[in-house]
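Remarks on the structure that follows.
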Amino acid sequence: MSQVQLTVNGKQAAVEVEDRTLLVHLLRDHLNLTGTHVGCDTSQCGACVVHIDGRAVKSCTVLAGQAAGSNVTTIEGIARGDELHPMQAAFRDNHGLQCGFCTPGMIMSAIDIVNRHGGMLDEATVRHELEGNICRCTGYHNIVKAVLDAAGRMKVAQAAE
């Protein structure tokens with residue numbers, strides 16, 4: 001057993017876990033942040049994507065101990081109170097979800113895509129970048145529309161800050 005100290009959604013956390021514990025299980029089982037989903041257990045689906053120090057990662061591929069000292073953001077940590085993050089709002093407005101299981105990972109990946117590509121984002125780039133996220137319900141069309149819409153919203157939100 002090891003104690004892992006990290007910041008999750010802006011709050012300090014210290015959790016004692018087995019050394020083999022994955023970050024996704026620390027988040028879900030120890031911190032009750034169940035928005036991060038376990039979909040495939042093989043790092044292929046992207047349902048478990050979170051941000052570590054501002055970078056999107058599949059939390060099922062990271063040992064909890066590897067995240068020690070890091071700043072972790074989950075889907076629960078991106079809204080500002082009752083105000084949705086621009087990506088969440090764009091997914092809602094563009095019907096970019098159906099059952100919702102993949103949505104948290106899609107949103108976290110999409111935020112990372114916009115942060116990395118900014119204004120240089122087009123449909124082909126979004127589709128390529130989302131290849132590591134699997135949705136079993138949609139044809140991805142509305143997800144791509146949502147990401148492109150959110151890119152503009154995020155640009156406006158950043159300019160307002």
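Note on naming: chains are A, B, ... as they come in the structure tokens, residues start from 1 per chain, ligands start from 1 in the order shown.
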Fewer than 4 positions away in the same chain doesn't count, so skip those; otherwise give me all residues within 12 Å of Thr125 in chain A, counting only C-alpha atoms, as an MDAnalysis selection string.
chainID A and resid 110 113:114 116:121 129:131 144 147:148
Might you pull out every residue within 10 Å of Ala89 in chain A, with only C-alpha atoms counted and same-chain residues fewer than 4 positions away left off, and present them as a VMD selection string?
chain A and resid 79 83 to 85 93 to 96 146 149 to 150 153
How would the residues just chosen look if you wrote them out with N, CA, C and O atoms as a compact mmCIF listing (two decimals), in the first residue's frame?
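Output file out_34.txt is given in full below:
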# COMPACT_ATOMS: atom_id res chain seq x y z
N ALA A 79 -16.88 22.10 -15.37
CA ALA A 79 -17.92 23.13 -15.32
C ALA A 79 -17.56 24.14 -14.23
O ALA A 79 -16.80 23.85 -13.32
N GLU A 83 -22.61 26.49 -14.56
CA GLU A 83 -22.32 26.84 -15.95
C GLU A 83 -21.48 25.75 -16.60
O GLU A 83 -20.35 25.48 -16.18
N LEU A 84 -22.04 25.13 -17.63
CA LEU A 84 -21.33 24.07 -18.32
C LEU A 84 -20.07 24.61 -18.99
O LEU A 84 -20.03 25.77 -19.41
N HIS A 85 -19.08 23.75 -19.11
CA HIS A 85 -17.90 24.08 -19.92
C HIS A 85 -18.40 24.24 -21.36
O HIS A 85 -19.37 23.56 -21.77
N ASP A 93 -25.98 21.01 -27.18
CA ASP A 93 -26.66 21.77 -28.23
C ASP A 93 -26.62 21.09 -29.60
O ASP A 93 -27.50 21.30 -30.42
N ASN A 94 -25.58 20.29 -29.85
CA ASN A 94 -25.43 19.63 -31.15
C ASN A 94 -25.81 18.16 -31.11
O ASN A 94 -25.54 17.42 -32.05
N HIS A 95 -26.42 17.74 -30.00
CA HIS A 95 -26.86 16.34 -29.84
C HIS A 95 -25.69 15.38 -30.07
O HIS A 95 -25.82 14.38 -30.77
N GLY A 96 -24.57 15.69 -29.45
CA GLY A 96 -23.36 14.90 -29.61
C GLY A 96 -23.28 13.70 -28.68
O GLY A 96 -22.20 13.19 -28.44
N ALA A 146 -20.14 19.09 -32.65
CA ALA A 146 -20.03 19.65 -31.31
C ALA A 146 -18.62 20.14 -31.02
O ALA A 146 -18.44 21.23 -30.47
N ASP A 149 -18.02 23.32 -32.98
CA ASP A 149 -18.78 24.41 -32.35
C ASP A 149 -18.09 24.86 -31.07
O ASP A 149 -17.91 26.06 -30.83
N ALA A 150 -17.68 23.91 -30.26
CA ALA A 150 -17.03 24.24 -28.99
C ALA A 150 -15.70 24.96 -29.20
O ALA A 150 -15.32 25.79 -28.37
N ARG A 153 -16.56 28.46 -29.26
CA ARG A 153 -17.02 28.89 -27.93
C ARG A 153 -15.84 29.03 -26.97
O ARG A 153 -15.80 29.95 -26.15
I need the residues of chain A that end up classed as helix (DSSP H, G or I) by DSSP on the backbone, written out as number ranges by chain.
A: 23-30, 59-61, 64-67, 75-77, 86-93, 103-117, 123-132, 141-160
Please provide as a PDB file with N, CA, C and O atoms, in the first residue's frame all residues within 9 Å of Ile134 in chain A, with the sequence filter that same-chain residues fewer than 2 positions apart are discarded (counting only C-alpha atoms).
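Once everything was written out, this is part-v3.pdb:
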ATOM      1  N   GLN A  44      -8.497   0.986 -25.254  1.00  0.00           N
ATOM      2  CA  GLN A  44      -8.874   1.222 -26.643  1.00  0.00           C
ATOM      3  C   GLN A  44     -10.087   2.131 -26.808  1.00  0.00           C
ATOM      4  O   GLN A  44     -10.266   2.703 -27.871  1.00  0.00           O
ATOM      5  N   CYS A  45     -10.929   2.272 -25.784  1.00  0.00           N
ATOM      6  CA  CYS A  45     -12.212   2.945 -26.004  1.00  0.00           C
ATOM      7  C   CYS A  45     -12.219   4.431 -25.667  1.00  0.00           C
ATOM      8  O   CYS A  45     -13.026   5.177 -26.194  1.00  0.00           O
ATOM      9  N   GLY A  46     -11.379   4.884 -24.743  1.00  0.00           N
ATOM     10  CA  GLY A  46     -11.314   6.301 -24.398  1.00  0.00           C
ATOM     11  C   GLY A  46     -12.349   6.769 -23.394  1.00  0.00           C
ATOM     12  O   GLY A  46     -12.421   7.963 -23.095  1.00  0.00           O
ATOM     13  N   ALA A  47     -13.160   5.881 -22.846  1.00  0.00           N
ATOM     14  CA  ALA A  47     -14.185   6.286 -21.879  1.00  0.00           C
ATOM     15  C   ALA A  47     -13.576   6.809 -20.581  1.00  0.00           C
ATOM     16  O   ALA A  47     -14.246   7.497 -19.812  1.00  0.00           O
ATOM     17  N   CYS A 102     -19.812   7.096 -23.390  1.00  0.00           N
ATOM     18  CA  CYS A 102     -18.523   7.560 -23.903  1.00  0.00           C
ATOM     19  C   CYS A 102     -18.335   9.055 -23.738  1.00  0.00           C
ATOM     20  O   CYS A 102     -17.226   9.569 -23.883  1.00  0.00           O
ATOM     21  N   MET A 106     -15.059  11.478 -24.366  1.00  0.00           N
ATOM     22  CA  MET A 106     -15.084  12.264 -25.611  1.00  0.00           C
ATOM     23  C   MET A 106     -14.871  13.738 -25.313  1.00  0.00           C
ATOM     24  O   MET A 106     -14.092  14.422 -25.982  1.00  0.00           O
ATOM     25  N   LEU A 130     -10.062  11.912 -32.775  1.00  0.00           N
ATOM     26  CA  LEU A 130     -10.990  11.149 -31.937  1.00  0.00           C
ATOM     27  C   LEU A 130     -10.944   9.647 -32.202  1.00  0.00           C
ATOM     28  O   LEU A 130     -11.739   8.896 -31.634  1.00  0.00           O
ATOM     29  N   GLU A 131     -10.016   9.200 -33.031  1.00  0.00           N
ATOM     30  CA  GLU A 131      -9.942   7.767 -33.336  1.00  0.00           C
ATOM     31  C   GLU A 131      -9.737   6.901 -32.104  1.00  0.00           C
ATOM     32  O   GLU A 131     -10.114   5.744 -32.096  1.00  0.00           O
ATOM     33  N   GLY A 132      -9.164   7.419 -31.056  1.00  0.00           N
ATOM     34  CA  GLY A 132      -8.941   6.651 -29.832  1.00  0.00           C
ATOM     35  C   GLY A 132     -10.130   6.634 -28.896  1.00  0.00           C
ATOM     36  O   GLY A 132     -10.030   6.131 -27.784  1.00  0.00           O
ATOM     37  N   ARG A 136     -20.397   3.694 -29.398  1.00  0.00           N
ATOM     38  CA  ARG A 136     -21.133   2.584 -30.004  1.00  0.00           C
ATOM     39  C   ARG A 136     -22.537   2.989 -30.440  1.00  0.00           C
ATOM     40  O   ARG A 136     -23.250   2.201 -31.037  1.00  0.00           O
TER      41      ARG A 136
END
